[in-house]
Amino acid sequence: MLSTSEKAFLAYWSNKREGYKTSIRPLLIGISVGFAIGTGILMVIYLGWYERANMQANTQFSSILFLLAIIGISIFMGFLYRNYQWENNEQRYLQINTKLTRLKKNQANAAIDV
């Protein structure tokens with residue numbers, strides 16, 4: 001038998017599965033993670049935590065190129081996060097749906113055997 005959380009997820013994902021790949025919310029979450037990674041890189045460079053990287057950045061540092069790289073990383077992380085979440089939810093949906101189909105088939109076979 002399916003649990004209440006599995007039933008709720010089936011109802012939720014059957015309604016949301018088509019629109020989730022184009023949804024903006026997971027994309028924004030991924031972009032914010034990308035910006036956090038970029039901010040961490042900036043902090044490491046500007047605080048001088050890794051001195052050799054700081055020297056390298058000072059000699060060949062282009063701030064525009066660096067900002068474009070952070071924006072690129074952020075967009076990539078947003079895209080990756082959204083697709084990862086969709087794949088996880090889709091896999092869970094298919095597993096629960098298969099479990100439900102198997103349960104119905106077993107109940108039908110049990111009714112025939114009686």
# chains A, B, ... in the order shown; residues from 1 in each chain; ligands from 1
call {"tool": "closest_atom_pairs", "arguments": {"of": "region 17-85 of chain A", "to": "region 91-111 of chain A", "cutoff": "12 Å", "atoms": "only C-alpha atoms", "output": "Markdown table"}}
result
| residue | atom | partner | partner_atom | distance |
| --- | --- | --- | --- | --- |
| A:Arg17 | CA | A:Tyr93 | CA | 9.4 |
| A:Tyr84 | CA | A:Gln91 | CA | 10.6 |
| A:Gln85 | CA | A:Gln91 | CA | 9.9 |
call {"tool": "write_last_selection", "arguments": {"atoms": "N, CA and C atoms", "output": "PDB file, in the first residue's frame"}}
result
ATOM      1  N   ARG A  17       4.788  18.295 -13.272  1.00  0.00           N
ATOM      2  CA  ARG A  17       5.932  17.759 -14.009  1.00  0.00           C
ATOM      3  C   ARG A  17       6.183  18.446 -15.332  1.00  0.00           C
ATOM      4  N   TYR A  84      18.569  18.779 -12.283  1.00  0.00           N
ATOM      5  CA  TYR A  84      18.816  17.752 -11.269  1.00  0.00           C
ATOM      6  C   TYR A  84      17.560  17.516 -10.429  1.00  0.00           C
ATOM      7  N   GLN A  85      16.912  18.586 -10.004  1.00  0.00           N
ATOM      8  CA  GLN A  85      15.684  18.451  -9.225  1.00  0.00           C
ATOM      9  C   GLN A  85      14.587  17.775 -10.041  1.00  0.00           C
TER      10      GLN A  85
END
call {"tool": "residues_around", "arguments": {"residues": "Ala69 (chain A)", "least_positions_apart": "6", "cutoff": "10 Å", "atoms": "only C-alpha atoms", "output": "list of chain:residue names"}}
result
A:Gly38, A:Ser63, A:Ile75
call {"tool": "write_last_selection", "arguments": {"atoms": "C-alpha atoms", "output": "PDB file, in the first residue's frame"}}
result
ATOM      1  CA  GLY A  38      31.615  33.232  -6.961  1.00  0.00           C
ATOM      2  CA  SER A  63      37.692  42.158 -13.466  1.00  0.00           C
ATOM      3  CA  ILE A  75      23.662  30.473 -14.852  1.00  0.00           C
TER       4      ILE A  75
END
call {"tool": "closest_residue", "arguments": {"among": "A:Leu2, A:Leu80, A:Lys7, A:Phe66", "to": "Thr39 (chain A)", "atoms": "only C-alpha atoms"}}
result
A:Phe66
call {"tool": "closest_residue", "arguments": {"among": "A:Ile112, A:Leu67, A:Met77, A:Leu10", "to": "Leu28 (chain A)", "atoms": "only C-alpha atoms"}}
result
A:Met77
call {"tool": "closest_residue", "arguments": {"among": "A:Thr4, A:Ala11, A:Glu51, A:Tyr81", "to": "Arg25 (chain A)", "atoms": "only C-alpha atoms"}}
result
A:Tyr81
call {"tool": "residues_around", "arguments": {"residues": "Lys21 (chain A)", "least_positions_apart": "5", "cutoff": "10 Å", "atoms": "only C-alpha atoms", "output": "NGL selection string"}}
result
:A and (16 or 26-27 or 79 or 82-83 or 85-87)
call {"tool": "residues_around", "arguments": {"residues": "Ser32 (chain A)", "least_positions_apart": "3", "cutoff": "8 Å", "atoms": "only C-alpha atoms", "output": "ChimeraX atom specification"}}
result
/A:28-29,35-36,74,78
call {"tool": "write_last_selection", "arguments": {"atoms": "N, CA and C atoms", "output": "PDB file, in the first residue's frame"}}
result
ATOM      1  N   LEU A  28      16.331  30.188 -10.039  1.00  0.00           N
ATOM      2  CA  LEU A  28      16.812  31.234  -9.134  1.00  0.00           C
ATOM      3  C   LEU A  28      17.589  30.656  -7.954  1.00  0.00           C
ATOM      4  N   ILE A  29      17.159  29.502  -7.467  1.00  0.00           N
ATOM      5  CA  ILE A  29      17.885  28.855  -6.375  1.00  0.00           C
ATOM      6  C   ILE A  29      19.280  28.465  -6.848  1.00  0.00           C
ATOM      7  N   PHE A  35      26.199  32.279  -7.413  1.00  0.00           N
ATOM      8  CA  PHE A  35      26.723  33.551  -6.910  1.00  0.00           C
ATOM      9  C   PHE A  35      27.439  33.363  -5.569  1.00  0.00           C
ATOM     10  N   ALA A  36      26.956  32.449  -4.745  1.00  0.00           N
ATOM     11  CA  ALA A  36      27.639  32.167  -3.474  1.00  0.00           C
ATOM     12  C   ALA A  36      29.027  31.581  -3.728  1.00  0.00           C
ATOM     13  N   SER A  74      27.098  30.988 -12.423  1.00  0.00           N
ATOM     14  CA  SER A  74      25.791  31.095 -11.768  1.00  0.00           C
ATOM     15  C   SER A  74      24.676  30.574 -12.663  1.00  0.00           C
ATOM     16  N   GLY A  78      22.390  27.276 -12.009  1.00  0.00           N
ATOM     17  CA  GLY A  78      20.932  27.349 -12.021  1.00  0.00           C
ATOM     18  C   GLY A  78      20.329  26.307 -12.941  1.00  0.00           C
TER      19      GLY A  78
END
call {"tool": "atom_distance", "arguments": {"atom1": "CA of Asn54 (chain A)", "atom2": "CA of Val33 (chain A)"}}
result
23.5 Å
